[in-house]
Amino acid sequence: MVARQRAENGQATSPDRDLVIDLVRFLCLAIVVVAHTMMVSPVLHPDGTVTSDNTLGNQRWFEPVVWVLQVMPLFFVAGGMTGLQSWRRLSARGGSTFDFMQARMLRLIRPAAVLLAVMFAGLWAAQLFGVDPEVVQLLVSGAGMPLWFLAAYLAAQLNLPLLARLHARAPWLTVLGLISLVVTVDCLRGMMPTLAYLNMVFVWCAVQQLGFFLVDDGPLPGRPALAGIILASNLVLGLLVWLRLYSGNMLVNLNPPNLTLVLLGISQAAALQLFRPGLGRVAAAPRVQRFIGLAGRRSMTVYLWHLPLLAAMSGLLLLTDFPQPAGGTAVWWWGRPLVLLAVIGLLLPVLAMFGRLEERPTAPVTAGSRPAAAVVTAAVVVFIPVAEAALGGLTLGLLGGGAACFALAVLLLGRIPARLLSDPGAGGPNPPLPHPPLSANVEP
């Protein structure tokens, strides 16, 4: 990472992107897509019923492997780094908490609204033309899985301005307070299972907060200390699993999340800092820069669409005479690379059609910010179907209602005034940016 460069007249120019974060995000997304192709395995039974097996998740050998491949905490660490940087820049330009919320929600829910609408229309038509409702429901449940991440990430980002203020005053007290809330919910979830979903906020806000420490100006631990943090967090995690307080399967621990994901987040945040020099050398290669730059501009579209496309392809194959090897067999494993290539092939036209929805729509410079009431209403409208899906499961009707709610939220949010996206002019205040090598990407 590099600090903001200054022109000869002393004014600040645009900051360079943190190529390491771009690379890490790309690698995390690639791991998620590849892993999902090895998990989805629909089965057509002789009686006509269809079920879906998580082939990879059911392998005992995969439990220790997923400790490394469970990269969701790293997504939130990176989100904390980029989000805090964006908030500081926006605040320095005179933007408010509601401006930040508006930009974040538009960035995330515009592509999601289109996905929900397309899924609803396609699956409704499939059911209308005679596809078994059980198959449709299976596709709804499987294809809607990425939406939990969208909801959790959005909740963490919407709380970022508040958490940034608390971090500025008492960084350690803030993160320890969040972890204490996580532990409290874990202790009570046995008596009140629904309470566990509060950790969709507490866990991911705590992990996001770890990224704040990587952005701060203060000194970070040296390489031996970082290695010690990685070792200690994994030892504590192993002890909790050995005591049977938590499952050793990090997929089981993911939804709703628990303390194990915070420990993984601590380990991954330390690993990010420990391996930053090597990652920086890889990310600095011109070809790598161009590739991850292109992929990064469409990352949300890839994440949202890859699993629905995989589920749709798998469902359509069940209606044909195409060979369907049993999940976990040698033939099934050898077919996974072909499945991955097929998903990538299906993603290309989707990226061409819908990828631009990730770009920020901007109103004229003279346009005013949206009223706080409109922004808050949009947030409530978005989380109503999300909460219903988390508690009662995603259905075809809820899919259509969610598409309508997301579209309404986009209308309420309007467009982001360009003055909030541009750098301050001559004489404008310079935002408090961290010293090298600890700056972060700016988004939006």
# chains A, B, ... in the order shown; residues from 1 in each chain; ligands from 1
>>> residues_around(residues="range 64-72 of chain A", least_positions_apart="5", cutoff="8 Å", atoms="only C-alpha atoms", output="PyMOL selection string")
chain A and resi 28+31-32+248-251+264
>>> write_last_selection(atoms="all heavy atoms", output="PDB file, in the first residue's frame")
ATOM      1  N   CYS A  28     -10.120 -14.939  -2.717  1.00  0.00           N
ATOM      2  CA  CYS A  28     -11.236 -15.395  -1.874  1.00  0.00           C
ATOM      3  C   CYS A  28     -12.456 -15.735  -2.727  1.00  0.00           C
ATOM      4  O   CYS A  28     -13.109 -16.771  -2.505  1.00  0.00           O
ATOM      5  CB  CYS A  28     -11.598 -14.318  -0.851  1.00  0.00           C
ATOM      6  SG  CYS A  28     -10.384 -14.097   0.465  1.00  0.00           S
ATOM      7  N   ILE A  31     -11.911 -19.003  -4.527  1.00  0.00           N
ATOM      8  CA  ILE A  31     -12.070 -20.148  -3.628  1.00  0.00           C
ATOM      9  C   ILE A  31     -13.542 -20.461  -3.405  1.00  0.00           C
ATOM     10  O   ILE A  31     -13.967 -21.623  -3.411  1.00  0.00           O
ATOM     11  CB  ILE A  31     -11.354 -19.876  -2.291  1.00  0.00           C
ATOM     12  CG1 ILE A  31      -9.836 -19.895  -2.487  1.00  0.00           C
ATOM     13  CG2 ILE A  31     -11.762 -20.903  -1.227  1.00  0.00           C
ATOM     14  CD1 ILE A  31      -9.056 -19.461  -1.257  1.00  0.00           C
ATOM     15  N   VAL A  32     -14.354 -19.413  -3.215  1.00  0.00           N
ATOM     16  CA  VAL A  32     -15.784 -19.616  -2.982  1.00  0.00           C
ATOM     17  C   VAL A  32     -16.449 -20.261  -4.188  1.00  0.00           C
ATOM     18  O   VAL A  32     -17.224 -21.216  -4.060  1.00  0.00           O
ATOM     19  CB  VAL A  32     -16.457 -18.263  -2.650  1.00  0.00           C
ATOM     20  CG1 VAL A  32     -17.971 -18.397  -2.663  1.00  0.00           C
ATOM     21  CG2 VAL A  32     -15.991 -17.775  -1.286  1.00  0.00           C
ATOM     22  N   GLY A 248     -16.356 -28.754  14.594  1.00  0.00           N
ATOM     23  CA  GLY A 248     -15.095 -28.592  13.884  1.00  0.00           C
ATOM     24  C   GLY A 248     -15.292 -28.273  12.416  1.00  0.00           C
ATOM     25  O   GLY A 248     -14.332 -27.960  11.714  1.00  0.00           O
ATOM     26  N   ASN A 249     -16.534 -28.350  11.938  1.00  0.00           N
ATOM     27  CA  ASN A 249     -16.844 -28.062  10.542  1.00  0.00           C
ATOM     28  C   ASN A 249     -17.198 -26.576  10.417  1.00  0.00           C
ATOM     29  O   ASN A 249     -18.246 -26.140  10.900  1.00  0.00           O
ATOM     30  CB  ASN A 249     -18.005 -28.937  10.072  1.00  0.00           C
ATOM     31  CG  ASN A 249     -18.218 -28.852   8.572  1.00  0.00           C
ATOM     32  OD1 ASN A 249     -17.945 -27.832   7.950  1.00  0.00           O
ATOM     33  ND2 ASN A 249     -18.708 -29.933   7.991  1.00  0.00           N
ATOM     34  N   MET A 250     -16.336 -25.817   9.771  1.00  0.00           N
ATOM     35  CA  MET A 250     -16.552 -24.376   9.673  1.00  0.00           C
ATOM     36  C   MET A 250     -17.704 -24.006   8.748  1.00  0.00           C
ATOM     37  O   MET A 250     -18.156 -22.863   8.750  1.00  0.00           O
ATOM     38  CB  MET A 250     -15.264 -23.684   9.214  1.00  0.00           C
ATOM     39  CG  MET A 250     -14.157 -23.778  10.231  1.00  0.00           C
ATOM     40  SD  MET A 250     -14.650 -23.101  11.843  1.00  0.00           S
ATOM     41  CE  MET A 250     -13.716 -24.156  12.951  1.00  0.00           C
ATOM     42  N   LEU A 251     -18.189 -24.955   7.953  1.00  0.00           N
ATOM     43  CA  LEU A 251     -19.404 -24.702   7.188  1.00  0.00           C
ATOM     44  C   LEU A 251     -20.617 -24.725   8.109  1.00  0.00           C
ATOM     45  O   LEU A 251     -21.551 -23.941   7.950  1.00  0.00           O
ATOM     46  CB  LEU A 251     -19.551 -25.749   6.084  1.00  0.00           C
ATOM     47  CG  LEU A 251     -18.475 -25.738   4.991  1.00  0.00           C
ATOM     48  CD1 LEU A 251     -18.722 -26.867   4.003  1.00  0.00           C
ATOM     49  CD2 LEU A 251     -18.429 -24.401   4.276  1.00  0.00           C
ATOM     50  N   LEU A 264     -11.133 -17.305  13.495  1.00  0.00           N
ATOM     51  CA  LEU A 264     -10.581 -17.419  12.148  1.00  0.00           C
ATOM     52  C   LEU A 264     -10.246 -16.043  11.585  1.00  0.00           C
ATOM     53  O   LEU A 264      -9.230 -15.873  10.901  1.00  0.00           O
ATOM     54  CB  LEU A 264     -11.574 -18.122  11.232  1.00  0.00           C
ATOM     55  CG  LEU A 264     -11.599 -19.648  11.223  1.00  0.00           C
ATOM     56  CD1 LEU A 264     -12.603 -20.158  10.201  1.00  0.00           C
ATOM     57  CD2 LEU A 264     -10.226 -20.223  10.929  1.00  0.00           C
TER      58      LEU A 264
END
>>> residues_around(residues="range 162-167 of chain A", least_positions_apart="3", cutoff="12 Å", atoms="only C-alpha atoms", output="MDAnalysis selection string")
chainID A and resid 80:81 83:88 91 96:98 100:101 155:159 170:178 202 205:213 215:216
>>> atom_distance(atom1="CA of Gly79 in chain A", atom2="CA of Ala372 in chain A")
23.7 Å
>>> select_by_dssp(residues="range 335-422 of chain A", states="helix (DSSP H, G or I)", output="ChimeraX atom specification")
/A:335-358,372-392,396-413,418-420
>>> closest_atom_pairs(of="range 131-224 of chain A", to="range 395-408 of chain A", cutoff="9 Å", atoms="only C-alpha atoms", output="JSON lines")
{"residue": "A:Val136", "atom": "CA", "partner": "A:Leu396", "partner_atom": "CA", "distance": 8.0}
{"residue": "A:Gln137", "atom": "CA", "partner": "A:Thr395", "partner_atom": "CA", "distance": 6.6}
{"residue": "A:Val140", "atom": "CA", "partner": "A:Thr395", "partner_atom": "CA", "distance": 6.4}
{"residue": "A:Ser141", "atom": "CA", "partner": "A:Thr395", "partner_atom": "CA", "distance": 7.2}
{"residue": "A:Gly144", "atom": "CA", "partner": "A:Leu399", "partner_atom": "CA", "distance": 8.5}
>>> write_last_selection(atoms="C-alpha atoms", output="PDB file, in the first residue's frame")
ATOM      1  CA  VAL A 136     -38.447 -25.311  -7.835  1.00  0.00           C
ATOM      2  CA  GLN A 137     -38.190 -24.949  -4.061  1.00  0.00           C
ATOM      3  CA  VAL A 140     -34.883 -21.399  -4.717  1.00  0.00           C
ATOM      4  CA  SER A 141     -33.158 -22.537  -1.536  1.00  0.00           C
ATOM      5  CA  GLY A 144     -30.568 -17.931  -2.697  1.00  0.00           C
TER       6      GLY A 144
END
>>> closest_residue(among="A:Val33, A:Met105, A:Leu245, A:Ala168", to="Leu340 in chain A", atoms="only C-alpha atoms")
A:Val33
>>> closest_residue(among="A:Ser247, A:Ser180, A:Phe275, A:Pro42", to="Leu319 in chain A", atoms="only C-alpha atoms")
A:Pro42
>>> closest_residue(among="A:Leu318, A:Phe354, A:Val410, A:Leu346", to="Thr377 in chain A", atoms="only C-alpha atoms")
A:Val410
>>> closest_residue(among="A:Leu74, A:Leu307, A:Leu254, A:Val40", to="Asn54 in chain A", atoms="only C-alpha atoms")
A:Val40
>>> residues_around(residues="Leu263 in chain A", least_positions_apart="6", cutoff="9 Å", atoms="only C-alpha atoms", output="PyMOL selection string")
chain A and resi 207+233-234+236-237
>>> write_last_selection(atoms="C-alpha atoms", output="compact mmCIF listing (two decimals), in the first residue's frame")
# COMPACT_ATOMS: atom_id res chain seq x y z
CA VAL A 207 -14.37 -9.29 12.22
CA SER A 233 -5.97 -18.16 17.59
CA ASN A 234 -5.94 -21.57 15.93
CA VAL A 236 -7.86 -21.65 20.98
CA LEU A 237 -10.15 -22.64 18.13
>>> decode(residues="range 130-174 of chain A", atoms="N, CA and C atoms", output="PDB file, in the first residue's frame")
ATOM      1  N   GLY A 130     -44.867 -26.689 -15.552  1.00  0.00           N
ATOM      2  CA  GLY A 130     -44.989 -28.058 -15.094  1.00  0.00           C
ATOM      3  C   GLY A 130     -43.827 -28.632 -14.312  1.00  0.00           C
ATOM      4  N   VAL A 131     -42.801 -27.843 -14.049  1.00  0.00           N
ATOM      5  CA  VAL A 131     -41.701 -28.350 -13.230  1.00  0.00           C
ATOM      6  C   VAL A 131     -42.216 -28.583 -11.814  1.00  0.00           C
ATOM      7  N   ASP A 132     -41.846 -29.708 -11.237  1.00  0.00           N
ATOM      8  CA  ASP A 132     -42.320 -30.077  -9.900  1.00  0.00           C
ATOM      9  C   ASP A 132     -42.011 -28.961  -8.904  1.00  0.00           C
ATOM     10  N   PRO A 133     -43.013 -28.529  -8.114  1.00  0.00           N
ATOM     11  CA  PRO A 133     -42.769 -27.473  -7.120  1.00  0.00           C
ATOM     12  C   PRO A 133     -41.643 -27.812  -6.154  1.00  0.00           C
ATOM     13  N   GLU A 134     -41.442 -29.110  -5.896  1.00  0.00           N
ATOM     14  CA  GLU A 134     -40.350 -29.507  -5.001  1.00  0.00           C
ATOM     15  C   GLU A 134     -38.995 -29.165  -5.612  1.00  0.00           C
ATOM     16  N   VAL A 135     -38.877 -29.372  -6.931  1.00  0.00           N
ATOM     17  CA  VAL A 135     -37.638 -29.024  -7.625  1.00  0.00           C
ATOM     18  C   VAL A 135     -37.445 -27.505  -7.614  1.00  0.00           C
ATOM     19  N   VAL A 136     -38.530 -26.775  -7.854  1.00  0.00           N
ATOM     20  CA  VAL A 136     -38.447 -25.311  -7.835  1.00  0.00           C
ATOM     21  C   VAL A 136     -38.003 -24.813  -6.469  1.00  0.00           C
ATOM     22  N   GLN A 137     -38.567 -25.373  -5.402  1.00  0.00           N
ATOM     23  CA  GLN A 137     -38.190 -24.949  -4.061  1.00  0.00           C
ATOM     24  C   GLN A 137     -36.738 -25.268  -3.766  1.00  0.00           C
ATOM     25  N   LEU A 138     -36.267 -26.416  -4.268  1.00  0.00           N
ATOM     26  CA  LEU A 138     -34.856 -26.783  -4.074  1.00  0.00           C
ATOM     27  C   LEU A 138     -33.949 -25.767  -4.754  1.00  0.00           C
ATOM     28  N   LEU A 139     -34.331 -25.358  -5.964  1.00  0.00           N
ATOM     29  CA  LEU A 139     -33.541 -24.365  -6.680  1.00  0.00           C
ATOM     30  C   LEU A 139     -33.590 -23.015  -5.979  1.00  0.00           C
ATOM     31  N   VAL A 140     -34.760 -22.654  -5.456  1.00  0.00           N
ATOM     32  CA  VAL A 140     -34.883 -21.399  -4.717  1.00  0.00           C
ATOM     33  C   VAL A 140     -33.957 -21.390  -3.517  1.00  0.00           C
ATOM     34  N   SER A 141     -33.978 -22.473  -2.749  1.00  0.00           N
ATOM     35  CA  SER A 141     -33.158 -22.537  -1.536  1.00  0.00           C
ATOM     36  C   SER A 141     -31.674 -22.502  -1.855  1.00  0.00           C
ATOM     37  N   GLY A 142     -31.273 -23.270  -2.869  1.00  0.00           N
ATOM     38  CA  GLY A 142     -29.850 -23.326  -3.205  1.00  0.00           C
ATOM     39  C   GLY A 142     -29.336 -22.053  -3.835  1.00  0.00           C
ATOM     40  N   ALA A 143     -30.110 -21.515  -4.783  1.00  0.00           N
ATOM     41  CA  ALA A 143     -29.660 -20.325  -5.504  1.00  0.00           C
ATOM     42  C   ALA A 143     -29.672 -19.090  -4.624  1.00  0.00           C
ATOM     43  N   GLY A 144     -30.497 -19.096  -3.575  1.00  0.00           N
ATOM     44  CA  GLY A 144     -30.568 -17.931  -2.697  1.00  0.00           C
ATOM     45  C   GLY A 144     -29.513 -17.892  -1.617  1.00  0.00           C
ATOM     46  N   MET A 145     -28.668 -18.922  -1.551  1.00  0.00           N
ATOM     47  CA  MET A 145     -27.660 -18.972  -0.490  1.00  0.00           C
ATOM     48  C   MET A 145     -26.724 -17.774  -0.453  1.00  0.00           C
ATOM     49  N   PRO A 146     -26.287 -17.229  -1.619  1.00  0.00           N
ATOM     50  CA  PRO A 146     -25.362 -16.082  -1.554  1.00  0.00           C
ATOM     51  C   PRO A 146     -25.959 -14.853  -0.880  1.00  0.00           C
ATOM     52  N   LEU A 147     -27.282 -14.788  -0.778  1.00  0.00           N
ATOM     53  CA  LEU A 147     -27.908 -13.583  -0.246  1.00  0.00           C
ATOM     54  C   LEU A 147     -27.626 -13.389   1.235  1.00  0.00           C
ATOM     55  N   TRP A 148     -27.302 -14.480   1.963  1.00  0.00           N
ATOM     56  CA  TRP A 148     -27.004 -14.303   3.387  1.00  0.00           C
ATOM     57  C   TRP A 148     -25.750 -13.446   3.542  1.00  0.00           C
ATOM     58  N   PHE A 149     -24.760 -13.674   2.654  1.00  0.00           N
ATOM     59  CA  PHE A 149     -23.534 -12.879   2.728  1.00  0.00           C
ATOM     60  C   PHE A 149     -23.831 -11.423   2.430  1.00  0.00           C
ATOM     61  N   LEU A 150     -24.664 -11.184   1.421  1.00  0.00           N
ATOM     62  CA  LEU A 150     -25.027  -9.814   1.071  1.00  0.00           C
ATOM     63  C   LEU A 150     -25.665  -9.107   2.260  1.00  0.00           C
ATOM     64  N   ALA A 151     -26.585  -9.812   2.952  1.00  0.00           N
ATOM     65  CA  ALA A 151     -27.257  -9.210   4.105  1.00  0.00           C
ATOM     66  C   ALA A 151     -26.280  -8.939   5.238  1.00  0.00           C
ATOM     67  N   ALA A 152     -25.407  -9.909   5.538  1.00  0.00           N
ATOM     68  CA  ALA A 152     -24.454  -9.743   6.625  1.00  0.00           C
ATOM     69  C   ALA A 152     -23.447  -8.635   6.315  1.00  0.00           C
ATOM     70  N   TYR A 153     -22.945  -8.610   5.087  1.00  0.00           N
ATOM     71  CA  TYR A 153     -21.966  -7.593   4.697  1.00  0.00           C
ATOM     72  C   TYR A 153     -22.595  -6.199   4.725  1.00  0.00           C
ATOM     73  N   LEU A 154     -23.834  -6.116   4.253  1.00  0.00           N
ATOM     74  CA  LEU A 154     -24.512  -4.823   4.252  1.00  0.00           C
ATOM     75  C   LEU A 154     -24.762  -4.337   5.675  1.00  0.00           C
ATOM     76  N   ALA A 155     -25.170  -5.260   6.570  1.00  0.00           N
ATOM     77  CA  ALA A 155     -25.399  -4.868   7.963  1.00  0.00           C
ATOM     78  C   ALA A 155     -24.112  -4.350   8.598  1.00  0.00           C
ATOM     79  N   ALA A 156     -22.993  -5.023   8.340  1.00  0.00           N
ATOM     80  CA  ALA A 156     -21.717  -4.587   8.901  1.00  0.00           C
ATOM     81  C   ALA A 156     -21.308  -3.227   8.347  1.00  0.00           C
ATOM     82  N   GLN A 157     -21.502  -3.032   7.037  1.00  0.00           N
ATOM     83  CA  GLN A 157     -21.102  -1.768   6.426  1.00  0.00           C
ATOM     84  C   GLN A 157     -21.985  -0.600   6.877  1.00  0.00           C
ATOM     85  N   LEU A 158     -23.260  -0.856   7.070  1.00  0.00           N
ATOM     86  CA  LEU A 158     -24.147   0.224   7.516  1.00  0.00           C
ATOM     87  C   LEU A 158     -23.813   0.669   8.936  1.00  0.00           C
ATOM     88  N   ASN A 159     -23.246  -0.230   9.726  1.00  0.00           N
ATOM     89  CA  ASN A 159     -22.831   0.125  11.081  1.00  0.00           C
ATOM     90  C   ASN A 159     -21.425   0.722  11.125  1.00  0.00           C
ATOM     91  N   LEU A 160     -20.758   0.772   9.973  1.00  0.00           N
ATOM     92  CA  LEU A 160     -19.346   1.178   9.965  1.00  0.00           C
ATOM     93  C   LEU A 160     -19.109   2.596  10.473  1.00  0.00           C
ATOM     94  N   PRO A 161     -19.890   3.607  10.079  1.00  0.00           N
ATOM     95  CA  PRO A 161     -19.619   4.952  10.615  1.00  0.00           C
ATOM     96  C   PRO A 161     -19.663   5.005  12.142  1.00  0.00           C
ATOM     97  N   LEU A 162     -20.648   4.355  12.755  1.00  0.00           N
ATOM     98  CA  LEU A 162     -20.729   4.317  14.213  1.00  0.00           C
ATOM     99  C   LEU A 162     -19.530   3.589  14.799  1.00  0.00           C
ATOM    100  N   LEU A 163     -19.211   2.434  14.231  1.00  0.00           N
ATOM    101  CA  LEU A 163     -18.091   1.653  14.748  1.00  0.00           C
ATOM    102  C   LEU A 163     -16.763   2.378  14.537  1.00  0.00           C
ATOM    103  N   ALA A 164     -16.661   3.150  13.462  1.00  0.00           N
ATOM    104  CA  ALA A 164     -15.436   3.925  13.232  1.00  0.00           C
ATOM    105  C   ALA A 164     -15.258   4.996  14.300  1.00  0.00           C
ATOM    106  N   ARG A 165     -16.339   5.628  14.698  1.00  0.00           N
ATOM    107  CA  ARG A 165     -16.253   6.634  15.765  1.00  0.00           C
ATOM    108  C   ARG A 165     -15.856   5.974  17.089  1.00  0.00           C
ATOM    109  N   LEU A 166     -16.460   4.824  17.379  1.00  0.00           N
ATOM    110  CA  LEU A 166     -16.105   4.127  18.612  1.00  0.00           C
ATOM    111  C   LEU A 166     -14.656   3.652  18.564  1.00  0.00           C
ATOM    112  N   HIS A 167     -14.215   3.223  17.396  1.00  0.00           N
ATOM    113  CA  HIS A 167     -12.827   2.773  17.246  1.00  0.00           C
ATOM    114  C   HIS A 167     -11.855   3.923  17.471  1.00  0.00           C
ATOM    115  N   ALA A 168     -12.213   5.114  17.001  1.00  0.00           N
ATOM    116  CA  ALA A 168     -11.332   6.266  17.184  1.00  0.00           C
ATOM    117  C   ALA A 168     -11.168   6.620  18.653  1.00  0.00           C
ATOM    118  N   ARG A 169     -12.192   6.350  19.458  1.00  0.00           N
ATOM    119  CA  ARG A 169     -12.139   6.689  20.887  1.00  0.00           C
ATOM    120  C   ARG A 169     -11.545   5.557  21.727  1.00  0.00           C
ATOM    121  N   ALA A 170     -11.974   4.339  21.459  1.00  0.00           N
ATOM    122  CA  ALA A 170     -11.532   3.201  22.283  1.00  0.00           C
ATOM    123  C   ALA A 170     -11.478   1.952  21.410  1.00  0.00           C
ATOM    124  N   PRO A 171     -10.420   1.787  20.628  1.00  0.00           N
ATOM    125  CA  PRO A 171     -10.383   0.677  19.662  1.00  0.00           C
ATOM    126  C   PRO A 171     -10.482  -0.704  20.302  1.00  0.00           C
ATOM    127  N   TRP A 172      -9.686  -0.947  21.358  1.00  0.00           N
ATOM    128  CA  TRP A 172      -9.685  -2.273  21.968  1.00  0.00           C
ATOM    129  C   TRP A 172     -10.986  -2.544  22.715  1.00  0.00           C
ATOM    130  N   LEU A 173     -11.509  -1.531  23.383  1.00  0.00           N
ATOM    131  CA  LEU A 173     -12.762  -1.712  24.103  1.00  0.00           C
ATOM    132  C   LEU A 173     -13.904  -2.020  23.127  1.00  0.00           C
ATOM    133  N   THR A 174     -13.877  -1.393  21.962  1.00  0.00           N
ATOM    134  CA  THR A 174     -14.933  -1.621  20.986  1.00  0.00           C
ATOM    135  C   THR A 174     -14.917  -3.050  20.470  1.00  0.00           C
TER     136      THR A 174
END
